[in-house]
Amino acid sequence: MGATSARTSATIHGSELVRLVGSDTAVPLVTGEMRRYVNLDYAASAPALQTVHDAVEQLLGWYSSVHRGAGFKSRASTAAYEGARESIHHFVNARDDDAVIITRNTTDAINLFAGTLKEGTQVVAFAGEHHANLLPWKRFGVRYLSIPESPAEMLENLETALRRLPRSDDPHIVTVTGASNVTGEIWPIREVARVAHENGARVLVDAAQLAPHAPIDMARDAIDYLALSGHKLYAPYGAGALIGERDWLSSGDPFLRGGGAVKLVTVDETLWADLPDRQEAGSPNVIGAVALGVACDTLGAVGMNRIAAEERELLAYARKRLAGIDGFEHYRVWPAGHPRVALLTFSLRGVPYDLLAATLSAEYGIGIRHGCFCAHPLMARLLKVDDSEMHRLLDETRDGHHARLPGAARMSMGLGSTTADVDALGDALSAIAADGPRWTYAIDPETDMYEPDPDPRPLPALGMRLVDHPREHTHSHSHSESA
């Protein structure tokens, strides 16, 4: 009994219970030293759990195309694929009849859902959403509500907007984030769903940032639809999921049309399959789905409440540790005491955000994220960028110039994070605030970002082709991250 209690009370983060692939990787510094990589970039993409890696390795020997295959490997792969679907369903406590559609990621899931909406559906969203939950709605009668200063203001503005929508026999849709990828602020989803349902609307939750850090209960909170990503959830193998009520997902033509989504096809007519096949045309990503399912099972076994509690402590430690650094500014919208997932977006006075990120990487072996985090309207609000400046940036970009956008730095924590990682960042920021970078840096004309000049760090010797700074991607991705 004593040993069991000791295991239960032990810290999860950074432990063997949730071992992450690559957690002990050493990276080169510009000085020639090697240092353990301090990963403070979980909000962009999380490393694979060891349990996920092991399950994928196990399945590869049994891999085959799923469904409609009589071969034994096909049966085994199909069983694993459908088992993953059940694991995802259980992880978010979906209702018994909710469908689980395997997608590529949250962006794919939200676009798929948008494709099921009937013409005339009214969409209500907030301007501070990640682009994945902002852009798919522009072909509808979308109402973008201003970024609210508090949860109470958000609920009040939402209710007002819903009451002003035109009456319809079909429900409208409210689409909100579960947790902001910029501020970490957790949205009161249960209250959002209540207000939406009282006003004849349904709710879609972008849970890309919420799912890895807090428990989700779709049934309890009356969430109609929810999207999440494996690459945020310690399963970076290219799968995500859309979970929710079947009626809308079964209406109209599928988002993606092709093999596997049909019952019968002639040159004149197509009979679409039932869910989930209807929305999973083509050969599915079996490996990615299984990885996501195993991640859900692993996190569920550890306990999401336990994970969330530890990350609240880590975040409190980070806020206190970093707040005392000269020139450190933390960006938030809602009051400081509001619940958040474990991330901080910040700046350091006098140090451009991309120079700061480059310095932390090159001189300290610390990985953070920098830019606008695929949330341009929210970042403009946080950085106090006015409309005239935004129009200037739009005009310059439209004319083919690569304007240096305003931005910030972001540190984010996950299962591999410890207070030692926070201390490493704190020590590095203190040194940079006091003395600036020790290396030389220049703006790379291909990326429009500060980079070490020169940069003597060799890329790792991997058994694959490596291309550094692919020209066709650098500009478009410099201020973005994927959901």
# chains A, B, ... in the order shown; residues from 1 in each chain; ligands from 1
>>> select_by_dssp(residues="region 9-129 of chain A", states="helix (DSSP H, G or I)", output="PyMOL selection string")
chain A and resi 9+16-18+50-60+72-91+106-116
>>> residues_around(residues="region 249-263 of chain A", least_positions_apart="2", cutoff="6 Å", atoms="only C-alpha atoms", output="PDB file with N, CA, C and O atoms, in the first residue's frame")
ATOM      1  N   LEU A 112     -13.594  20.202 -42.487  1.00  0.00           N
ATOM      2  CA  LEU A 112     -14.553  19.141 -42.797  1.00  0.00           C
ATOM      3  C   LEU A 112     -15.929  19.495 -42.225  1.00  0.00           C
ATOM      4  O   LEU A 112     -16.950  19.392 -42.919  1.00  0.00           O
ATOM      5  N   GLY A 115     -17.708  22.122 -44.096  1.00  0.00           N
ATOM      6  CA  GLY A 115     -18.238  21.628 -45.354  1.00  0.00           C
ATOM      7  C   GLY A 115     -19.573  20.919 -45.224  1.00  0.00           C
ATOM      8  O   GLY A 115     -20.260  20.711 -46.224  1.00  0.00           O
ATOM      9  N   THR A 116     -19.965  20.561 -44.008  1.00  0.00           N
ATOM     10  CA  THR A 116     -21.243  19.880 -43.809  1.00  0.00           C
ATOM     11  C   THR A 116     -22.386  20.856 -43.575  1.00  0.00           C
ATOM     12  O   THR A 116     -23.553  20.447 -43.587  1.00  0.00           O
ATOM     13  N   ARG A 246     -24.209  13.090 -35.237  1.00  0.00           N
ATOM     14  CA  ARG A 246     -24.162  12.464 -36.550  1.00  0.00           C
ATOM     15  C   ARG A 246     -24.983  13.191 -37.611  1.00  0.00           C
ATOM     16  O   ARG A 246     -24.656  13.109 -38.797  1.00  0.00           O
ATOM     17  N   ASP A 247     -26.038  13.871 -37.230  1.00  0.00           N
ATOM     18  CA  ASP A 247     -26.964  14.362 -38.251  1.00  0.00           C
ATOM     19  C   ASP A 247     -26.304  15.336 -39.225  1.00  0.00           C
ATOM     20  O   ASP A 247     -26.409  15.183 -40.444  1.00  0.00           O
ATOM     21  N   LEU A 271     -24.286   6.782 -54.234  1.00  0.00           N
ATOM     22  CA  LEU A 271     -24.895   6.537 -52.938  1.00  0.00           C
ATOM     23  C   LEU A 271     -23.780   6.555 -51.892  1.00  0.00           C
ATOM     24  O   LEU A 271     -22.905   5.683 -51.880  1.00  0.00           O
ATOM     25  N   TRP A 272     -23.811   7.593 -51.041  1.00  0.00           N
ATOM     26  CA  TRP A 272     -22.738   7.752 -50.063  1.00  0.00           C
ATOM     27  C   TRP A 272     -22.887   6.763 -48.909  1.00  0.00           C
ATOM     28  O   TRP A 272     -23.993   6.378 -48.534  1.00  0.00           O
ATOM     29  N   ALA A 273     -21.767   6.403 -48.323  1.00  0.00           N
ATOM     30  CA  ALA A 273     -21.749   5.470 -47.189  1.00  0.00           C
ATOM     31  C   ALA A 273     -22.247   6.158 -45.919  1.00  0.00           C
ATOM     32  O   ALA A 273     -22.387   7.388 -45.860  1.00  0.00           O
ATOM     33  N   ASP A 277     -17.406   6.154 -42.465  1.00  0.00           N
ATOM     34  CA  ASP A 277     -16.790   5.997 -43.788  1.00  0.00           C
ATOM     35  C   ASP A 277     -17.108   7.167 -44.707  1.00  0.00           C
ATOM     36  O   ASP A 277     -16.265   7.585 -45.514  1.00  0.00           O
ATOM     37  N   ARG A 278     -18.310   7.707 -44.594  1.00  0.00           N
ATOM     38  CA  ARG A 278     -18.762   8.794 -45.460  1.00  0.00           C
ATOM     39  C   ARG A 278     -17.780   9.972 -45.456  1.00  0.00           C
ATOM     40  O   ARG A 278     -17.608  10.658 -46.462  1.00  0.00           O
ATOM     41  N   GLN A 279     -17.162  10.226 -44.298  1.00  0.00           N
ATOM     42  CA  GLN A 279     -16.260  11.376 -44.164  1.00  0.00           C
ATOM     43  C   GLN A 279     -14.792  10.959 -44.082  1.00  0.00           C
ATOM     44  O   GLN A 279     -13.951  11.755 -43.661  1.00  0.00           O
ATOM     45  N   ALA A 281     -12.914   9.406 -46.885  1.00  0.00           N
ATOM     46  CA  ALA A 281     -12.574   8.910 -48.218  1.00  0.00           C
ATOM     47  C   ALA A 281     -11.073   8.700 -48.354  1.00  0.00           C
ATOM     48  O   ALA A 281     -10.256   9.393 -47.732  1.00  0.00           O
ATOM     49  N   GLY A 282     -10.702   7.732 -49.208  1.00  0.00           N
ATOM     50  CA  GLY A 282      -9.296   7.434 -49.436  1.00  0.00           C
ATOM     51  C   GLY A 282      -8.740   6.498 -48.384  1.00  0.00           C
ATOM     52  O   GLY A 282      -9.400   6.162 -47.394  1.00  0.00           O
TER      53      GLY A 282
END
>>> select_by_dssp(residues="region 255-344 of chain A", states="strand (DSSP E)", output="PyMOL selection string")
chain A and resi 262-265+270-272+328-331+343-344
>>> write_last_selection(atoms="N, CA and C atoms", output="PDB file, in the first residue's frame")
ATOM      1  N   VAL A 262     -18.328   5.525 -50.224  1.00  0.00           N
ATOM      2  CA  VAL A 262     -19.533   5.242 -51.006  1.00  0.00           C
ATOM      3  C   VAL A 262     -20.062   3.834 -50.749  1.00  0.00           C
ATOM      4  N   LYS A 263     -21.377   3.676 -51.068  1.00  0.00           N
ATOM      5  CA  LYS A 263     -21.990   2.348 -51.108  1.00  0.00           C
ATOM      6  C   LYS A 263     -22.035   1.825 -52.543  1.00  0.00           C
ATOM      7  N   LEU A 264     -22.368   2.722 -53.478  1.00  0.00           N
ATOM      8  CA  LEU A 264     -22.493   2.322 -54.874  1.00  0.00           C
ATOM      9  C   LEU A 264     -22.350   3.554 -55.759  1.00  0.00           C
ATOM     10  N   VAL A 265     -21.655   3.380 -56.895  1.00  0.00           N
ATOM     11  CA  VAL A 265     -21.414   4.488 -57.824  1.00  0.00           C
ATOM     12  C   VAL A 265     -21.746   4.054 -59.234  1.00  0.00           C
ATOM     13  N   THR A 270     -24.436   8.619 -57.190  1.00  0.00           N
ATOM     14  CA  THR A 270     -23.573   8.130 -56.118  1.00  0.00           C
ATOM     15  C   THR A 270     -24.392   7.950 -54.848  1.00  0.00           C
ATOM     16  N   LEU A 271     -24.286   6.782 -54.234  1.00  0.00           N
ATOM     17  CA  LEU A 271     -24.895   6.537 -52.938  1.00  0.00           C
ATOM     18  C   LEU A 271     -23.780   6.555 -51.892  1.00  0.00           C
ATOM     19  N   TRP A 272     -23.811   7.593 -51.041  1.00  0.00           N
ATOM     20  CA  TRP A 272     -22.738   7.752 -50.063  1.00  0.00           C
ATOM     21  C   TRP A 272     -22.887   6.763 -48.909  1.00  0.00           C
ATOM     22  N   PHE A 328      10.788  41.983 -18.801  1.00  0.00           N
ATOM     23  CA  PHE A 328       9.888  40.895 -19.180  1.00  0.00           C
ATOM     24  C   PHE A 328       8.444  41.391 -19.158  1.00  0.00           C
ATOM     25  N   GLU A 329       7.697  41.168 -20.252  1.00  0.00           N
ATOM     26  CA  GLU A 329       6.295  41.546 -20.312  1.00  0.00           C
ATOM     27  C   GLU A 329       5.460  40.340 -20.757  1.00  0.00           C
ATOM     28  N   HIS A 330       4.505  39.989 -19.921  1.00  0.00           N
ATOM     29  CA  HIS A 330       3.620  38.851 -20.189  1.00  0.00           C
ATOM     30  C   HIS A 330       2.324  39.372 -20.796  1.00  0.00           C
ATOM     31  N   TYR A 331       1.886  38.753 -21.911  1.00  0.00           N
ATOM     32  CA  TYR A 331       0.674  39.198 -22.592  1.00  0.00           C
ATOM     33  C   TYR A 331      -0.507  38.313 -22.213  1.00  0.00           C
ATOM     34  N   LEU A 343       1.245  27.904 -20.734  1.00  0.00           N
ATOM     35  CA  LEU A 343       2.056  28.654 -21.699  1.00  0.00           C
ATOM     36  C   LEU A 343       2.044  30.131 -21.333  1.00  0.00           C
ATOM     37  N   LEU A 344       3.093  30.822 -21.765  1.00  0.00           N
ATOM     38  CA  LEU A 344       3.211  32.264 -21.563  1.00  0.00           C
ATOM     39  C   LEU A 344       3.714  32.890 -22.853  1.00  0.00           C
TER      40      LEU A 344
END
>>> atom_distance(atom1="CA of Glu57 (chain A)", atom2="CA of Ala214 (chain A)")
28.0 Å
>>> closest_atom_pairs(of="region 187-209 of chain A", to="region 225-231 of chain A", cutoff="10 Å", atoms="only C-alpha atoms", output="tab-separated table")
residue	atom	partner	partner_atom	distance
A:Arg202	CA	A:Tyr225	CA	8.2
A:Val203	CA	A:Tyr225	CA	6.3
A:Leu204	CA	A:Tyr225	CA	4.5
A:Val205	CA	A:Leu226	CA	4.7
A:Asp206	CA	A:Ala227	CA	5.2
A:Ala207	CA	A:Leu228	CA	5.2
A:Ala208	CA	A:Leu228	CA	4.6
A:Gln209	CA	A:Leu228	CA	8.1
>>> write_last_selection(atoms="all heavy atoms", output="CSV table (one decimal), in the first residue's frame")
chain,number,residue,atom,x,y,z
A,202,ARG,N,-25.8,25.4,-32.0
A,202,ARG,CA,-24.9,24.3,-31.5
A,202,ARG,C,-23.5,24.9,-31.3
A,202,ARG,O,-23.2,26.0,-31.7
A,202,ARG,CB,-24.9,23.2,-32.6
A,202,ARG,CG,-26.2,22.4,-32.7
A,202,ARG,CD,-26.1,21.2,-33.6
A,202,ARG,NE,-27.3,20.5,-33.8
A,202,ARG,CZ,-27.5,19.4,-34.5
A,202,ARG,NH1,-26.4,18.8,-35.0
A,202,ARG,NH2,-28.7,18.9,-34.6
A,203,VAL,N,-22.6,24.1,-30.7
A,203,VAL,CA,-21.3,24.5,-30.4
A,203,VAL,C,-20.2,23.6,-31.0
A,203,VAL,O,-20.3,22.4,-30.9
A,203,VAL,CB,-21.1,24.6,-28.9
A,203,VAL,CG1,-19.6,24.9,-28.5
A,203,VAL,CG2,-22.0,25.6,-28.2
A,204,LEU,N,-19.2,24.2,-31.6
A,204,LEU,CA,-18.0,23.5,-32.0
A,204,LEU,C,-16.8,24.0,-31.2
A,204,LEU,O,-16.6,25.2,-31.1
A,204,LEU,CB,-17.7,23.7,-33.5
A,204,LEU,CG,-16.3,23.3,-34.0
A,204,LEU,CD1,-16.2,21.8,-34.0
A,204,LEU,CD2,-16.0,23.8,-35.4
A,205,VAL,N,-16.0,23.1,-30.6
A,205,VAL,CA,-14.9,23.5,-29.8
A,205,VAL,C,-13.6,23.1,-30.5
A,205,VAL,O,-13.4,21.9,-30.8
A,205,VAL,CB,-15.0,22.9,-28.4
A,205,VAL,CG1,-13.7,23.2,-27.6
A,205,VAL,CG2,-16.2,23.4,-27.6
A,206,ASP,N,-12.7,24.1,-30.7
A,206,ASP,CA,-11.4,23.8,-31.2
A,206,ASP,C,-10.6,23.5,-29.9
A,206,ASP,O,-10.2,24.3,-29.1
A,206,ASP,CB,-10.8,25.1,-31.9
A,206,ASP,CG,-9.3,25.0,-32.1
A,206,ASP,OD1,-8.7,24.0,-31.8
A,206,ASP,OD2,-8.8,26.0,-32.7
A,207,ALA,N,-10.3,22.2,-29.7
A,207,ALA,CA,-9.7,21.7,-28.5
A,207,ALA,C,-8.2,21.3,-28.8
A,207,ALA,O,-7.6,20.6,-28.0
A,207,ALA,CB,-10.4,20.4,-28.0
A,208,ALA,N,-7.6,21.9,-29.8
A,208,ALA,CA,-6.2,21.6,-30.1
A,208,ALA,C,-5.3,21.9,-28.9
A,208,ALA,O,-4.4,21.1,-28.6
A,208,ALA,CB,-5.7,22.4,-31.3
A,209,GLN,N,-5.5,23.0,-28.2
A,209,GLN,CA,-4.6,23.3,-27.1
A,209,GLN,C,-5.2,22.8,-25.8
A,209,GLN,O,-4.4,22.6,-24.8
A,209,GLN,CB,-4.5,24.9,-27.0
A,209,GLN,CG,-3.6,25.5,-28.1
A,209,GLN,CD,-2.2,24.9,-28.0
A,209,GLN,OE1,-1.6,24.6,-27.0
A,209,GLN,NE2,-1.5,24.9,-29.2
>>> closest_residue(among="A:Pro276, A:Pro151, A:Pro215, A:Gly128", to="Ile101 (chain A)", atoms="only C-alpha atoms")
A:Pro276
>>> atom_distance(atom1="CA of Val92 (chain A)", atom2="CA of Ile243 (chain A)")
8.7 Å
>>> residues_around(residues="region 298-301 of chain A", least_positions_apart="5", cutoff="10 Å", atoms="only C-alpha atoms", output="short mmCIF file (atom, residue, chain, number, x, y, z; two decimals) with all heavy atoms, in the first residue's frame")
data_model
loop_
_atom_site.label_atom_id
_atom_site.label_comp_id
_atom_site.auth_asym_id
_atom_site.auth_seq_id
_atom_site.Cartn_x
_atom_site.Cartn_y
_atom_site.Cartn_z
N LEU A 17 6.82 7.60 -16.23
CA LEU A 17 5.41 7.29 -16.47
C LEU A 17 4.93 7.83 -17.82
O LEU A 17 4.09 7.23 -18.48
CB LEU A 17 4.53 7.89 -15.36
CG LEU A 17 4.46 7.15 -14.03
CD1 LEU A 17 3.68 7.99 -13.02
CD2 LEU A 17 3.80 5.79 -14.21
N VAL A 18 5.49 8.97 -18.18
CA VAL A 18 5.10 9.61 -19.45
C VAL A 18 6.35 9.95 -20.25
O VAL A 18 6.50 11.05 -20.78
CB VAL A 18 4.24 10.87 -19.19
CG1 VAL A 18 2.86 10.50 -18.70
CG2 VAL A 18 4.94 11.81 -18.20
N LEU A 49 4.91 10.29 -27.13
CA LEU A 49 5.04 9.45 -25.95
C LEU A 49 5.77 8.16 -26.33
O LEU A 49 5.59 7.64 -27.43
CB LEU A 49 3.67 9.11 -25.39
CG LEU A 49 2.96 10.16 -24.56
CD1 LEU A 49 1.46 9.91 -24.54
CD2 LEU A 49 3.52 10.16 -23.13
N GLN A 50 6.55 7.64 -25.42
CA GLN A 50 7.24 6.37 -25.69
C GLN A 50 6.23 5.25 -25.94
O GLN A 50 6.45 4.38 -26.80
CB GLN A 50 8.15 6.00 -24.52
CG GLN A 50 9.06 4.82 -24.79
CD GLN A 50 10.11 5.12 -25.86
OE1 GLN A 50 10.77 6.15 -25.82
NE2 GLN A 50 10.27 4.20 -26.83
N THR A 51 5.11 5.29 -25.22
CA THR A 51 4.08 4.27 -25.44
C THR A 51 3.52 4.34 -26.85
O THR A 51 3.20 3.31 -27.46
CB THR A 51 2.93 4.44 -24.44
OG1 THR A 51 2.42 5.78 -24.53
CG2 THR A 51 3.38 4.16 -23.02
N VAL A 52 3.41 5.55 -27.38
CA VAL A 52 2.92 5.74 -28.75
C VAL A 52 3.94 5.21 -29.75
O VAL A 52 3.60 4.46 -30.68
CB VAL A 52 2.63 7.23 -29.01
CG1 VAL A 52 2.38 7.50 -30.49
CG2 VAL A 52 1.44 7.69 -28.18
N SER A 87 -10.89 4.64 -28.49
CA SER A 87 -10.05 5.31 -27.50
C SER A 87 -10.26 6.82 -27.51
O SER A 87 -10.32 7.48 -26.46
CB SER A 87 -8.57 4.99 -27.76
OG SER A 87 -8.31 3.61 -27.57
N HIS A 90 -13.64 7.64 -25.96
CA HIS A 90 -13.59 7.53 -24.50
C HIS A 90 -12.83 8.71 -23.89
O HIS A 90 -13.23 9.24 -22.83
CB HIS A 90 -12.94 6.21 -24.10
CG HIS A 90 -12.83 6.00 -22.62
ND1 HIS A 90 -13.92 5.70 -21.82
CD2 HIS A 90 -11.76 6.08 -21.78
CE1 HIS A 90 -13.52 5.59 -20.57
NE2 HIS A 90 -12.22 5.81 -20.52
N PHE A 91 -11.76 9.15 -24.52
CA PHE A 91 -10.89 10.20 -23.97
C PHE A 91 -11.66 11.50 -23.76
O PHE A 91 -11.42 12.22 -22.78
CB PHE A 91 -9.71 10.43 -24.92
CG PHE A 91 -8.73 11.47 -24.45
CD1 PHE A 91 -7.91 11.24 -23.36
CD2 PHE A 91 -8.63 12.69 -25.12
CE1 PHE A 91 -7.00 12.20 -22.94
CE2 PHE A 91 -7.72 13.65 -24.72
CZ PHE A 91 -6.91 13.41 -23.62
N VAL A 92 -12.57 11.83 -24.66
CA VAL A 92 -13.32 13.09 -24.54
C VAL A 92 -14.71 12.86 -23.94
O VAL A 92 -15.52 13.79 -23.87
CB VAL A 92 -13.45 13.79 -25.91
CG1 VAL A 92 -12.07 14.17 -26.44
CG2 VAL A 92 -14.19 12.92 -26.93
N PRO A 212 -4.47 18.37 -24.65
CA PRO A 212 -3.28 17.80 -24.00
C PRO A 212 -3.12 18.21 -22.55
O PRO A 212 -2.26 17.66 -21.85
CB PRO A 212 -2.12 18.38 -24.84
CG PRO A 212 -2.74 18.95 -26.07
CD PRO A 212 -4.12 19.36 -25.68
N HIS A 213 -3.92 19.18 -22.08
CA HIS A 213 -3.62 19.80 -20.79
C HIS A 213 -4.75 19.75 -19.77
O HIS A 213 -4.52 20.06 -18.60
CB HIS A 213 -3.22 21.27 -21.00
CG HIS A 213 -2.08 21.45 -21.95
ND1 HIS A 213 -0.79 21.07 -21.64
CD2 HIS A 213 -2.04 21.93 -23.22
CE1 HIS A 213 0.00 21.34 -22.68
NE2 HIS A 213 -0.74 21.85 -23.64
N PRO A 215 -8.86 17.86 -18.67
CA PRO A 215 -9.88 16.87 -19.00
C PRO A 215 -11.00 17.48 -19.84
O PRO A 215 -11.37 18.64 -19.67
CB PRO A 215 -10.40 16.42 -17.63
CG PRO A 215 -10.06 17.56 -16.70
CD PRO A 215 -8.81 18.17 -17.22
N LEU A 233 -1.00 16.24 -29.04
CA LEU A 233 -1.40 15.30 -28.00
C LEU A 233 -0.41 14.15 -27.87
O LEU A 233 -0.78 13.01 -27.58
CB LEU A 233 -2.80 14.76 -28.34
CG LEU A 233 -3.71 14.23 -27.25
CD1 LEU A 233 -3.93 15.26 -26.15
CD2 LEU A 233 -5.05 13.81 -27.83
N TYR A 234 0.87 14.45 -28.15
CA TYR A 234 1.95 13.48 -27.99
C TYR A 234 1.85 12.30 -28.96
O TYR A 234 2.33 11.21 -28.68
CB TYR A 234 2.02 12.99 -26.54
CG TYR A 234 2.07 14.13 -25.55
CD1 TYR A 234 0.93 14.57 -24.87
CD2 TYR A 234 3.27 14.81 -25.33
CE1 TYR A 234 0.99 15.64 -24.00
CE2 TYR A 234 3.33 15.89 -24.45
CZ TYR A 234 2.19 16.30 -23.79
OH TYR A 234 2.25 17.38 -22.94
N LEU A 292 -2.68 8.23 -32.16
CA LEU A 292 -3.56 9.12 -31.41
C LEU A 292 -4.36 8.33 -30.37
O LEU A 292 -4.53 8.77 -29.22
CB LEU A 292 -4.49 9.85 -32.37
CG LEU A 292 -5.55 10.77 -31.77
CD1 LEU A 292 -4.94 11.77 -30.81
CD2 LEU A 292 -6.32 11.48 -32.88
N GLY A 293 -4.87 7.16 -30.74
CA GLY A 293 -5.63 6.36 -29.80
C GLY A 293 -4.80 5.92 -28.61
O GLY A 293 -5.27 5.97 -27.46
N ARG A 306 -4.95 14.98 -12.97
CA ARG A 306 -3.62 15.00 -12.34
C ARG A 306 -2.63 15.79 -13.18
O ARG A 306 -1.85 16.60 -12.67
CB ARG A 306 -3.16 13.55 -12.15
CG ARG A 306 -1.90 13.38 -11.35
CD ARG A 306 -1.59 11.90 -11.20
NE ARG A 306 -0.30 11.68 -10.55
CZ ARG A 306 0.30 10.51 -10.51
NH1 ARG A 306 -0.28 9.45 -11.07
NH2 ARG A 306 1.47 10.37 -9.91
N ILE A 307 -2.68 15.58 -14.50
CA ILE A 307 -1.80 16.32 -15.41
C ILE A 307 -2.10 17.82 -15.31
O ILE A 307 -1.19 18.65 -15.21
CB ILE A 307 -1.98 15.81 -16.85
CG1 ILE A 307 -1.38 14.41 -16.98
CG2 ILE A 307 -1.33 16.78 -17.86
CD1 ILE A 307 -1.70 13.72 -18.30
N LEU A 415 4.33 17.43 -20.87
CA LEU A 415 4.65 16.30 -19.99
C LEU A 415 6.13 16.16 -19.67
O LEU A 415 6.49 15.56 -18.65
CB LEU A 415 4.14 15.01 -20.61
CG LEU A 415 2.62 14.84 -20.63
CD1 LEU A 415 2.23 13.57 -21.37
CD2 LEU A 415 2.06 14.81 -19.21
#
>>> residues_around(residues="Leu315 (chain A)", least_positions_apart="5", cutoff="9 Å", atoms="only C-alpha atoms", output="ChimeraX atom specification")
/A:310,320,340-344,413
>>> closest_residue(among="A:Met390, A:Phe373, A:Ile110, A:Ile12", to="Gly303 (chain A)", atoms="only C-alpha atoms")
A:Ile12
>>> residues_around(residues="region 395-412 of chain A", least_positions_apart="6", cutoff="6 Å", atoms="only C-alpha atoms", output="list of chain:residue names")
A:Leu40, A:Asp41, A:Tyr42, A:Ala43, A:Ala342, A:Leu343, A:Leu344, A:Thr345, A:Phe346, A:Ser347, A:Tyr353, A:Ile368, A:Arg369, A:His370, A:Gly371, A:Cys372
>>> residues_around(residues="Val56 (chain A)", least_positions_apart="6", cutoff="9 Å", atoms="only C-alpha atoms", output="VMD selection string")
chain A and resid 287 to 288 290 to 291
>>> write_last_selection(atoms="C-alpha atoms", output="compact mmCIF listing (two decimals), in the first residue's frame")
# COMPACT_ATOMS: atom_id res chain seq x y z
CA ILE A 287 -0.59 4.57 -38.16
CA GLY A 288 -1.57 8.11 -37.19
CA VAL A 290 -3.47 4.27 -33.76
CA ALA A 291 -0.83 6.66 -32.42
>>> closest_residue(among="A:Gly367, A:Gly350, A:Pro458, A:Gly120", to="Ile432 (chain A)", atoms="only C-alpha atoms")
A:Gly350
>>> atom_distance(atom1="CA of Thr121 (chain A)", atom2="CA of Leu135 (chain A)")
15.6 Å
>>> residues_around(residues="Ala433 (chain A)", least_positions_apart="4", cutoff="10 Å", atoms="only C-alpha atoms", output="ChimeraX atom specification")
/A:325-328,348-351,356,427-429,437
>>> write_last_selection(atoms="C-alpha atoms", output="PDB file, in the first residue's frame")
ATOM      1  CA  ILE A 325      13.323  39.619 -15.019  1.00  0.00           C
ATOM      2  CA  ASP A 326      14.061  43.182 -16.090  1.00  0.00           C
ATOM      3  CA  GLY A 327      12.048  44.045 -19.219  1.00  0.00           C
ATOM      4  CA  PHE A 328       9.888  40.895 -19.180  1.00  0.00           C
ATOM      5  CA  LEU A 348      11.826  41.194 -23.496  1.00  0.00           C
ATOM      6  CA  ARG A 349      12.316  44.929 -23.710  1.00  0.00           C
ATOM      7  CA  GLY A 350      14.798  45.995 -26.357  1.00  0.00           C
ATOM      8  CA  VAL A 351      15.191  42.538 -27.908  1.00  0.00           C
ATOM      9  CA  LEU A 356      15.336  36.478 -28.704  1.00  0.00           C
ATOM     10  CA  ASP A 427      18.616  32.298 -16.319  1.00  0.00           C
ATOM     11  CA  ALA A 428      18.963  32.740 -20.075  1.00  0.00           C
ATOM     12  CA  LEU A 429      16.463  35.616 -20.239  1.00  0.00           C
ATOM     13  CA  PRO A 437      23.249  38.196 -27.213  1.00  0.00           C
TER      14      PRO A 437
END
